[in-house]
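One file, work.txt, carrying compact mmCIF, C-alpha atoms:
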# COMPACT_ATOMS: atom_id res chain seq x y z
CA MET U 1 -31.45 -51.64 -21.37
CA GLY U 2 -32.88 -48.22 -20.40
CA PHE U 3 -36.54 -47.20 -20.87
CA SER U 4 -38.90 -44.41 -19.82
CA VAL U 5 -42.33 -44.53 -18.24
CA ASP U 6 -43.77 -42.99 -21.43
CA THR U 7 -42.37 -45.86 -23.49
CA LEU U 8 -43.66 -48.48 -21.06
CA ILE U 9 -47.22 -47.03 -20.96
CA PHE U 10 -47.66 -46.40 -24.67
CA GLU U 11 -46.45 -49.87 -25.60
CA THR U 12 -49.34 -51.40 -23.63
CA SER U 13 -52.55 -52.41 -25.41
CA ASP U 14 -54.73 -51.01 -22.59
CA LYS U 15 -56.31 -47.84 -24.06
CA ARG U 16 -57.79 -46.81 -20.70
CA LEU U 17 -54.39 -46.98 -19.00
CA ARG U 18 -52.88 -44.79 -21.70
CA GLU U 19 -55.57 -42.15 -21.26
CA ARG U 20 -55.16 -42.08 -17.47
CA TRP U 21 -51.35 -41.68 -17.85
CA GLN U 22 -51.84 -38.69 -20.19
CA VAL U 23 -53.92 -36.90 -17.53
CA TYR U 24 -51.52 -37.83 -14.72
CA ARG U 25 -48.47 -36.78 -16.77
CA GLY U 26 -50.04 -33.39 -17.56
CA ARG U 27 -50.63 -32.72 -13.88
CA LEU U 28 -47.03 -33.62 -13.05
CA LEU U 29 -45.64 -31.23 -15.67
CA SER U 30 -47.82 -28.38 -14.42
CA GLY U 31 -46.81 -29.04 -10.81
CA LEU U 32 -50.39 -29.88 -9.73
CA PHE U 33 -51.39 -33.35 -8.53
CA VAL U 34 -54.77 -34.37 -7.13
CA ASP U 35 -54.77 -37.72 -5.32
CA SER U 36 -57.59 -40.25 -5.01
CA VAL U 37 -59.22 -38.47 -2.04
CA GLY U 38 -59.16 -35.02 -3.62
CA ARG U 39 -56.09 -33.52 -1.89
CA THR U 40 -54.06 -31.06 -4.01
CA THR U 41 -50.24 -31.06 -3.89
CA ILE U 42 -47.95 -28.50 -5.58
CA ILE U 43 -44.89 -30.25 -6.94
CA PRO U 44 -41.88 -27.93 -7.61
CA THR U 45 -41.10 -28.10 -11.33
CA ALA U 46 -39.35 -25.91 -13.86
CA ASN U 47 -42.76 -24.57 -14.97
CA ASN U 48 -43.85 -23.27 -11.57
CA GLN U 49 -40.52 -22.12 -10.07
CA GLN U 50 -41.00 -18.59 -11.46
CA THR U 51 -44.47 -18.42 -9.91
CA MET U 52 -43.01 -19.48 -6.56
CA ALA U 53 -40.23 -16.88 -6.80
CA LYS U 54 -42.82 -14.09 -7.10
CA LYS U 55 -44.11 -14.96 -3.65
CA VAL U 56 -41.00 -13.28 -2.17
CA ASP U 57 -40.46 -9.58 -2.89
CA ILE U 58 -38.79 -6.40 -1.59
CA ALA U 59 -40.30 -2.90 -1.52
CA TYR U 60 -38.60 0.27 -0.25
CA THR U 61 -40.17 3.22 1.51
CA TYR U 62 -38.51 6.52 2.38
CA ASP U 63 -39.52 9.19 4.89
CA ARG U 64 -37.80 12.44 3.89
CA GLU U 65 -38.39 14.00 7.31
CA GLN U 66 -36.10 11.42 8.91
CA GLY U 67 -33.24 12.04 6.49
CA HIS U 68 -30.65 9.25 6.38
CA ALA U 69 -32.69 7.24 8.91
CA GLY U 70 -35.82 7.32 6.75
CA LEU U 71 -35.22 4.27 4.54
CA SER U 72 -37.06 1.02 5.24
CA ALA U 73 -37.37 -2.27 3.39
CA GLU U 74 -40.70 -4.09 3.38
CA LEU U 75 -40.16 -7.80 2.82
CA ASN U 76 -43.25 -9.48 1.39
CA ILE U 77 -43.29 -13.22 2.04
CA SER U 78 -46.75 -14.35 0.99
CA ASP U 79 -46.30 -18.13 0.99
CA PRO U 80 -47.19 -19.56 4.45
CA LYS U 81 -44.72 -22.42 4.01
CA TYR U 82 -41.89 -19.95 4.78
CA ILE U 83 -43.24 -19.22 8.29
CA GLY U 84 -40.69 -20.34 10.86
CA LYS U 85 -37.81 -20.39 8.35
CA GLU U 86 -34.56 -18.55 9.00
CA ALA U 87 -33.95 -15.62 6.65
CA THR U 88 -31.29 -13.00 5.92
CA PHE U 89 -31.61 -9.53 4.42
CA VAL U 90 -28.48 -7.68 3.26
CA ILE U 91 -27.70 -4.37 1.58
CA ARG U 92 -24.81 -5.18 -0.77
CA ARG U 93 -22.51 -3.10 -2.94
CA PHE U 94 -21.33 -5.22 -5.85
CA VAL U 95 -18.57 -4.58 -8.41
CA LYS U 96 -18.85 -6.56 -11.64
CA VAL U 97 -15.76 -6.78 -13.84
CA LYS U 98 -16.56 -6.63 -17.55
CA ASP U 99 -14.36 -9.48 -18.68
CA SER U 100 -14.82 -13.05 -19.91
CA ARG U 101 -12.96 -14.32 -16.82
CA PRO U 102 -13.83 -11.78 -14.13
CA VAL U 103 -12.95 -11.64 -10.46
CA ASN U 104 -15.87 -9.72 -8.97
CA ASP U 105 -16.05 -8.32 -5.45
CA SER U 106 -18.68 -7.05 -3.02
CA THR U 107 -19.18 -5.73 0.48
CA ASP U 108 -22.21 -5.82 2.76
CA LEU U 109 -23.26 -2.40 4.03
CA PHE U 110 -25.94 -3.91 6.28
CA LYS U 111 -26.96 -7.44 7.31
CA HIS U 112 -30.01 -8.56 9.29
CA LYS U 113 -30.93 -12.14 10.26
CA PHE U 114 -34.42 -13.03 11.39
CA THR U 115 -37.04 -15.77 11.60
CA VAL U 116 -40.08 -15.38 9.33
CA ARG U 117 -43.09 -14.79 11.63
CA SER U 118 -45.61 -13.24 9.22
CA GLY U 119 -46.20 -12.42 5.58
CA THR U 120 -44.61 -8.97 5.91
CA GLU U 121 -41.38 -8.02 7.64
CA THR U 122 -40.32 -4.36 7.87
CA ILE U 123 -36.59 -3.66 8.25
CA ARG U 124 -35.26 -0.21 9.15
CA ILE U 125 -32.08 0.51 7.21
CA PRO U 126 -29.36 2.06 9.44
CA PRO U 127 -28.49 5.72 8.65
CA HIS U 128 -24.89 4.94 7.65
CA VAL U 129 -26.10 3.24 4.44
CA LEU U 130 -27.61 6.44 3.02
CA LYS U 131 -24.83 8.58 4.47
CA GLU U 132 -22.50 6.83 2.02
CA ARG U 133 -24.81 8.06 -0.78
CA PRO U 134 -24.68 4.81 -2.81
CA PHE U 135 -25.11 5.15 -6.56
CA GLY U 136 -25.01 2.90 -9.61
CA TYR U 137 -22.18 3.14 -12.11
CA ASN U 138 -21.67 1.65 -15.56
CA GLY U 139 -18.16 2.22 -16.88
CA SER U 140 -15.92 0.76 -19.56
CA GLU U 141 -14.29 -1.89 -17.35
CA ILE U 142 -16.63 -2.28 -14.36
CA SER U 143 -20.22 -1.74 -13.27
CA ILE U 144 -21.38 -1.11 -9.70
CA ARG U 145 -24.75 -1.91 -8.11
CA CYS U 146 -26.14 -1.41 -4.63
CA PHE U 147 -29.07 -3.68 -3.86
CA GLY U 148 -31.02 -5.43 -1.15
CA LYS U 149 -31.15 -9.23 -1.15
CA LEU U 150 -33.57 -11.42 0.80
CA THR U 151 -32.63 -15.08 1.27
CA ILE U 152 -34.87 -17.66 2.96
CA ASN U 153 -33.17 -20.78 4.25
CA ASP U 154 -35.60 -23.37 2.86
CA LYS U 155 -33.13 -25.28 0.67
CA LEU U 156 -35.71 -26.14 -1.95
CA ILE U 157 -34.26 -28.39 -4.65
CA ARG U 158 -30.74 -26.95 -5.09
CA LYS U 159 -30.53 -23.59 -3.37
CA ASP U 160 -32.34 -21.30 -0.96
CA THR U 161 -35.16 -19.07 -2.15
CA SER U 162 -33.93 -15.52 -2.71
CA THR U 163 -34.77 -12.27 -4.44
CA GLU U 164 -32.99 -8.96 -4.85
CA LYS U 165 -33.89 -5.39 -5.71
CA ASP U 166 -31.74 -2.34 -6.42
CA LEU U 167 -31.63 0.27 -3.70
CA PRO U 168 -33.18 3.66 -4.52
CA THR U 169 -29.90 5.41 -5.30
CA VAL U 170 -28.70 8.89 -6.17
CA SER U 171 -28.88 9.70 -9.88
CA ILE U 172 -25.65 11.35 -11.02
CA LYS U 173 -25.22 12.99 -14.41
CA LYS U 174 -21.76 14.23 -15.33
CA PRO U 175 -20.71 16.23 -18.41
CA ARG U 176 -19.10 14.40 -21.29
CA VAL U 177 -15.29 14.27 -21.17
CA THR U 178 -13.52 13.76 -24.51
CA ARG U 179 -9.90 14.07 -23.32
CA SER U 180 -7.87 10.82 -23.25
CA ALA U 181 -7.44 10.01 -19.58
CA LYS U 182 -4.62 7.52 -20.22
CA LYS U 183 -2.46 10.03 -22.12
CA LEU U 184 -3.16 12.67 -19.48
CA ILE U 185 -2.33 10.51 -16.47
CA ASP U 186 0.49 8.53 -18.06
CA PRO U 187 2.19 10.75 -20.66
CA LYS U 188 5.03 9.31 -22.74
CA ASP U 189 8.27 9.86 -20.84
CA VAL U 190 11.04 11.00 -23.21
CA PHE U 191 14.51 11.40 -21.70
CA SER U 192 18.24 11.02 -22.34
CA PHE U 193 19.64 8.14 -20.29
CA THR U 194 23.21 9.52 -20.49
CA LYS U 195 22.31 13.09 -19.45
CA ASN U 196 20.06 11.79 -16.70
CA LEU U 197 22.77 9.47 -15.40
CA MET U 198 25.32 12.28 -15.28
CA ALA U 199 22.92 14.54 -13.34
CA ILE U 200 22.28 12.20 -10.38
CA PRO U 201 24.57 11.78 -7.33
CA ALA U 202 27.51 9.34 -7.46
CA HIS U 203 25.91 6.68 -5.25
CA ASN U 204 22.79 6.71 -7.44
CA LYS U 205 25.00 6.32 -10.53
CA LEU U 206 26.59 3.23 -9.00
CA ALA U 207 23.20 1.85 -7.99
CA THR U 208 21.86 2.36 -11.52
CA LEU U 209 24.84 0.68 -13.21
CA GLY U 210 24.71 -2.13 -10.68
CA LEU U 211 21.03 -2.71 -11.42
CA LEU U 212 21.76 -2.86 -15.15
CA VAL U 213 24.44 -5.52 -14.61
CA VAL U 214 22.29 -7.53 -12.20
CA GLY U 215 19.28 -7.34 -14.53
CA LEU U 216 21.31 -8.45 -17.56
CA VAL U 217 22.88 -11.38 -15.68
CA ALA U 218 19.50 -12.45 -14.27
CA ILE U 219 17.87 -12.41 -17.71
CA VAL U 220 20.72 -14.38 -19.36
CA VAL U 221 20.80 -17.00 -16.59
CA ASN U 222 17.01 -17.31 -16.62
CA MET U 223 16.96 -17.90 -20.39
CA MET U 224 19.76 -20.48 -20.15
CA ILE U 225 17.73 -22.38 -17.54
CA GLY U 226 14.66 -22.17 -19.78
CA ILE U 227 16.57 -23.59 -22.76
CA HIS U 228 18.08 -26.35 -20.60
CA ASP U 229 14.69 -27.34 -19.19
CA GLU U 230 13.16 -27.32 -22.70
CA LEU U 231 15.77 -29.73 -24.09
CA SER U 232 16.21 -31.96 -21.02
CA PRO U 233 14.13 -34.99 -20.01
CA ARG U 234 11.26 -34.14 -17.67
CA TYR U 235 13.05 -35.58 -14.62
CA ALA U 236 16.18 -33.46 -15.24
CA THR U 237 14.73 -29.92 -15.35
CA TYR U 238 16.17 -27.26 -13.05
CA LEU U 239 13.35 -24.75 -12.58
CA TYR U 240 10.66 -24.89 -15.25
CA SER U 241 8.50 -28.01 -15.48
CA GLN U 242 7.49 -29.33 -18.90
CA VAL U 243 3.93 -30.02 -17.72
CA ASP U 244 1.34 -27.81 -16.07
CA SER U 245 -0.97 -28.63 -13.16
CA ASP U 246 -3.40 -30.36 -15.56
CA GLY U 247 -0.68 -32.70 -16.81
CA GLU U 248 -0.49 -31.07 -20.25
CA TYR U 249 2.69 -29.94 -21.99
CA SER U 250 3.94 -26.47 -21.03
CA SER U 251 7.01 -24.96 -22.70
CA PRO U 252 9.84 -24.01 -20.27
CA ILE U 253 11.15 -21.47 -22.80
CA VAL U 254 7.82 -19.63 -22.80
CA LYS U 255 7.84 -19.63 -18.99
CA ALA U 256 11.42 -18.31 -19.04
CA LEU U 257 10.42 -15.49 -21.41
CA PHE U 258 7.62 -14.47 -19.04
CA GLY U 259 10.14 -14.59 -16.19
CA CYS U 260 12.58 -12.40 -18.12
CA GLY U 261 9.81 -9.92 -18.81
CA GLY U 262 8.96 -9.74 -15.11
CA VAL U 263 12.61 -9.33 -14.09
CA GLY U 264 13.21 -6.69 -16.76
CA ALA U 265 10.14 -4.67 -15.75
CA ALA U 266 11.11 -4.76 -12.06
CA ILE U 267 14.71 -3.72 -12.78
CA TRP U 268 13.62 -0.90 -15.11
CA PHE U 269 11.13 0.42 -12.56
CA THR U 270 13.89 0.52 -9.94
CA ILE U 271 16.32 2.21 -12.34
CA ARG U 272 13.78 4.95 -13.11
CA ARG U 273 13.49 5.64 -9.39
CA GLN U 274 17.26 6.13 -9.26
CA LEU U 275 17.24 8.42 -12.32
CA ARG U 276 14.70 10.70 -10.63
CA LYS U 277 17.32 11.61 -8.04
CA TYR U 278 18.51 14.55 -10.17
CA MET U 279 16.17 16.63 -8.02
CA THR U 280 14.01 16.61 -4.89
CA PHE U 281 10.28 16.97 -5.43
CA ARG U 282 7.58 16.54 -2.79
CA PHE U 283 4.21 17.76 -1.52
CA ARG U 284 3.82 20.42 1.10
CA PRO U 285 1.24 19.75 3.82
CA ILE U 286 -2.30 20.76 2.84
CA ALA U 287 -4.49 21.97 5.69
CA GLY U 288 -8.14 20.89 5.82
CA LEU U 289 -10.37 19.36 3.17
CA ILE U 290 -10.42 20.48 -0.45
CA ASP U 291 -13.90 21.34 -1.79
CA ARG U 292 -15.40 23.06 -4.84
CA LYS U 293 -14.61 26.54 -3.52
CA THR U 294 -11.04 25.82 -2.43
CA GLU U 295 -8.27 27.71 -4.19
CA HIS U 296 -4.54 27.29 -3.63
CA ILE U 297 -1.39 28.81 -5.00
CA VAL U 298 0.34 26.00 -6.92
CA GLY U 299 3.67 26.84 -5.31
CA ASP U 300 2.09 26.27 -1.88
CA LEU U 301 1.30 22.64 -2.80
CA ILE U 302 4.81 21.54 -3.83
CA GLN U 303 8.48 22.10 -3.15
CA GLY U 304 11.69 20.95 -4.84
CA VAL U 305 15.23 21.75 -5.93
CA SER U 306 17.13 20.45 -8.97
CA ARG U 307 20.86 19.55 -9.10
CA THR U 308 20.97 20.76 -12.73
CA ASP U 309 19.34 23.40 -14.90
CA LEU U 310 15.87 22.45 -16.12
CA LYS U 311 14.96 23.89 -19.52
CA ASP U 312 11.50 23.91 -21.08
CA VAL U 313 9.90 22.15 -18.15
CA THR U 314 6.11 21.81 -17.74
CA LEU U 315 4.20 21.44 -14.48
CA ARG U 316 0.74 19.89 -14.66
CA ILE U 317 -1.92 18.97 -12.11
CA VAL U 318 -4.30 16.29 -13.39
CA ALA U 319 -7.15 14.19 -12.01
CA CYS U 320 -9.32 11.28 -13.14
CA ASN U 321 -11.54 8.42 -12.04
CA LEU U 322 -9.83 5.03 -11.78
CA GLU U 323 -11.77 1.84 -12.51
CA LYS U 324 -10.17 -1.00 -10.57
CA GLY U 325 -10.75 -4.73 -10.58
CA LYS U 326 -9.24 -8.14 -11.30
CA TYR U 327 -9.51 -10.88 -13.90
CA VAL U 328 -8.00 -14.33 -14.50
CA ARG U 329 -5.53 -15.15 -17.25
CA GLY U 330 -3.69 -18.32 -18.27
CA SER U 331 -4.45 -21.88 -17.28
CA GLY U 332 -2.88 -24.72 -15.36
CA SER U 333 0.39 -23.72 -13.73
CA ASN U 334 0.27 -20.39 -15.63
CA ARG U 335 -3.13 -19.45 -14.20
CA ARG U 336 -2.89 -16.07 -12.48
CA THR U 337 -5.04 -13.23 -11.21
CA VAL U 338 -4.30 -9.88 -12.84
CA SER U 339 -5.18 -6.54 -11.25
CA PHE U 340 -6.05 -3.58 -13.45
CA SER U 341 -6.42 0.15 -12.87
CA VAL U 342 -7.86 2.02 -15.86
CA PRO U 343 -8.04 5.85 -15.89
CA ASN U 344 -11.30 7.41 -17.04
CA ARG U 345 -12.63 10.98 -17.39
CA GLY U 346 -9.30 12.81 -17.30
CA VAL U 347 -9.29 16.45 -16.14
CA LEU U 348 -6.43 18.92 -16.60
CA LEU U 349 -6.54 21.30 -13.63
CA TYR U 350 -3.33 23.25 -14.27
CA SER U 351 -0.53 23.43 -16.85
CA LYS U 352 2.36 25.85 -17.18
CA GLU U 353 5.63 25.73 -19.11
CA VAL U 354 8.76 27.46 -17.75
CA LYS U 355 11.75 28.12 -20.02
CA LEU U 356 14.38 27.77 -17.30
CA ILE U 357 14.55 26.67 -13.68
CA PRO U 358 18.17 27.19 -12.57
CA LYS U 359 19.86 24.50 -10.49
CA ASN U 360 19.60 24.85 -6.70
CA HIS U 361 16.67 27.24 -7.20
CA PRO U 362 13.34 26.44 -5.51
CA VAL U 363 10.97 25.00 -8.14
CA GLU U 364 7.84 26.30 -6.38
CA GLN U 365 8.84 29.92 -6.91
CA HIS U 366 8.16 29.55 -10.64
CA PHE U 367 4.54 28.48 -10.13
CA GLN U 368 2.79 31.20 -8.16
CA ASP U 369 -0.54 30.88 -9.97
CA PRO U 370 -3.89 30.08 -8.31
CA ILE U 371 -5.58 26.71 -8.91
CA SER U 372 -9.22 25.74 -8.37
CA PHE U 373 -10.35 22.12 -7.99
CA GLU U 374 -13.93 22.91 -9.03
CA PRO U 375 -13.55 21.45 -12.58
CA MET U 376 -12.56 18.13 -11.02
CA PHE U 377 -15.64 18.03 -8.75
CA LYS U 378 -17.87 18.81 -11.73
CA ALA U 379 -16.38 16.20 -14.08
CA LEU U 380 -15.53 13.22 -11.87
CA TYR U 381 -17.77 10.68 -10.18
CA PRO U 382 -17.51 10.28 -6.39
CA PRO U 383 -15.48 7.36 -5.06
CA ASN U 384 -17.54 4.15 -5.04
CA ASN U 385 -15.43 1.16 -4.05
CA VAL U 386 -15.85 -2.10 -2.12
CA SER U 387 -12.15 -2.76 -1.45
CA LYS U 388 -8.70 -1.45 -2.31
CA SER U 389 -8.71 -3.57 -5.47
CA HIS U 390 -12.30 -3.14 -6.74
CA GLY U 391 -14.45 -0.13 -7.48
CA LEU U 392 -14.35 3.45 -8.66
CA PHE U 393 -11.68 5.76 -7.23
CA VAL U 394 -10.72 9.43 -7.49
CA TYR U 395 -7.07 9.99 -8.41
CA TRP U 396 -4.95 13.10 -8.82
CA GLU U 397 -1.27 13.86 -9.26
CA VAL U 398 1.27 16.60 -9.93
CA GLN U 399 3.57 16.05 -12.93
CA LEU U 400 6.87 17.76 -13.73
CA ILE U 401 7.61 16.94 -17.38
CA HIS U 402 11.02 17.36 -19.01
CA ASN U 403 12.37 15.96 -22.29
CA GLU U 404 15.93 15.33 -21.03
CA PHE U 405 15.23 13.82 -17.62
CA VAL U 406 12.82 11.26 -16.22
CA ASP U 407 9.51 12.93 -15.40
CA GLN U 408 8.64 13.57 -11.76
CA GLU U 409 5.21 12.76 -10.35
CA LEU U 410 3.55 13.19 -6.98
CA LYS U 411 0.44 11.10 -6.25
CA GLY U 412 -2.07 13.12 -4.25
CA ASP U 413 -4.22 11.90 -1.37
CA ALA U 414 -7.85 11.64 -2.53
CA ALA U 415 -8.98 11.48 1.10
CA GLN U 416 -8.37 15.24 1.24
CA PHE U 417 -11.35 15.87 -1.05
CA LYS U 418 -14.82 16.59 0.33
CA VAL U 419 -16.79 13.66 -1.11
CA ASP U 420 -20.21 15.38 -0.94
CA ASP U 421 -19.00 18.02 -3.42
CA PHE U 422 -18.72 15.40 -6.18
CA PHE U 423 -22.51 15.02 -6.04
CA PRO U 424 -24.83 17.51 -7.76
CA ALA U 425 -25.96 20.35 -5.48

Turn the structure described in the file into structure tokens.
Amino acid sequence: MGFSVDTLIFETSDKRLRERWQVYRGRLLSGLFVDSVGRTTIIPTANNQQTMAKKVDIAYTYDREQGHAGLSAELNISDPKYIGKEATFVIRRFVKVKDSRPVNDSTDLFKHKFTVRSGTETIRIPPHVLKERPFGYNGSEISIRCFGKLTINDKLIRKDTSTEKDLPTVSIKKPRVTRSAKKLIDPKDVFSFTKNLMAIPAHNKLATLGLLVVGLVAIVVNMMIGIHDELSPRYATYLYSQVDSDGEYSSPIVKALFGCGGVGAAIWFTIRRQLRKYMTFRFRPIAGLIDRKTEHIVGDLIQGVSRTDLKDVTLRIVACNLEKGKYVRGSGSNRRTVSFSVPNRGVLLYSKEVKLIPKNHPVEQHFQDPISFEPMFKALYPPNNVSKSHGLFVYWEVQLIHNEFVDQELKGDAAQFKVDDFFPA
């Protein structure tokens, strides 16, 4: 039978013992215990952990005369018990995904290991940290922080003592953008499959028809396997198990439907690539970096020739910020990590409609207008990413939109932009 010390003490008839236990118990809960010879001991408890945490702090100082090399971190470690302990200080850029099942990511811009020798440690932050001009960001799908974190390897109770503090970052204010970035970057593609098929070369026609046949056969066979595995005993399934990794029931038909969706999407994506072969369309080389003052003739950025007449065609140049990250979906054997890329703050840099572009005629000759990228630098945030899959990116593309044929698009290289020009002057 279980019992507590409180129960055992208060069931005794000794009044003096009960009074002494009340005093002793109060000292334990407060974390303070005085023994019989007057020595005081601090006992780590939930009530005094916050007080202990305040004994470790970070303060930043900045010397403007030294520019990017002028940032220092002063680490205040006031408790003498940390003397001689190993410690680590890092400057970290952290991307938090705003989802109930997020996959966050981070990267360390600077890391310094040391042994605590005194109550104050001063760390000089390398110039490359400020050269990257770190800034905080709070978007619809992700948020980004850049902070310093001090960790002392004392392993008290469950984990090491640590504290963190945001880096003094650049404050960026951008104008409000009301345009729908998704509709701008990914406009609805309306086209005639028959007309498009007749306009592409013979070998692309055969490839397209072959893909349709292969896709249809793959989907039918996959569904037949799913139905078989649903109706068969567990030991007789072909491909789809009737239980997941947790041992719970999982429908093979549902798995087959997901498989058909994946096959169908892959086949359709490949078919669209074949249907774009009615013309050639590519970038021309762009010399040097593009900044706020750069102007180009649109026709100098692109080149292309169509195998058929293009009527009522529109050329657009668009840009946006992309919020990228990952989250987890499903459970058991269906558990998967999903990547997302959400456009934000869409900017239309150029748009022109042409009534007719004759076949075999250079497309670029119909777009001899100047274009400035200054609106993009004013509206978009600078790139702020920790990896290829997480962070804030700058994206731009050229779109050739036609209602009878699959739209053409050229994805531009954001590395050609001068990053400093995204920041306020």

Selection: 12 Å around stretch 324-332 of chain U, all atoms listed in the file, excl. self and same-chain fewer than 3 positions, as a ChimeraX atom specification: /U:94-106,139-144,241-250,255,258,321,335-344,383-395

Long-range neighbours of U:Ile200 as a list in words, 9 Å cut-off, all atoms listed in the file, 5 positions minimum in chain: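 Contacts, in chain order: Lys205, Gln274, Leu275, Arg276, Lys277, Tyr278, Met279, Arg307 and Thr308 of chain U.
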
Interatomic distance (Å, one decimal) between atom CA of U:Arg92 and atom CA of U:Leu109: 5.8 Å

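Rounded to one decimal, atom CA of U:Asp166 and atom CA of U:Asp57 lie 11.9 Å from each other.
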
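Atom CA of U:Gly299 is found 7.5 Å from atom CA of U:Asp369.
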
Nearest candidate to U:Arg282 (options U:Gln303, U:Gln368, U:Thr163, U:Asn138; using only C-alpha atoms): U:Gln303

Counting all atoms listed in the file, the residue of U:Trp396, U:Tyr82, U:Trp268, U:Tyr240 that sits nearest U:Leu410: U:Trp396

Where's the centre, and what are the edge lengths in Å to one decimal, of a box along x, y and z enclosing all listed atoms of stretch 169-174 of chain U padded 4 Å per side, as AutoDock Vina command-line options?
--center_x -25.8 --center_y 9.8 --center_z -10.3 --size_x 16.1 --size_y 16.8 --size_z 18.0

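Around stretch 151-156 of chain U, within 8 Å and counting all atoms listed in the file, the residues found are Tyr82, Lys85, Glu86, Ala87, Thr88, Phe89, Thr161, Ser162 and Thr163 of chain U, once anything fewer than 5 positions away on its own chain is removed.
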
Among listed residues U:Val221, U:Leu310, U:Leu356, U:Val170, nearest U:Gly136 (using all atoms listed in the file):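 Once distances to U:Gly136 are computed over all atoms listed in the file, the minimum belongs to U:Val170.
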
Closest of U:Arg345, U:Lys131, U:Lys311, U:Arg176 to U:Pro358 - atom-to-atom distances counting all atoms listed in the file: U:Lys311

Selection: 12 Å around stretch 413-419 of chain U, all atoms listed in the file, excl. self and same-chain fewer than 2 positions, as a PyMOL selection string: chain U and resi 131-134+283-294+319-322+373-374+376-378+380-384+393-398+410-411+421-424
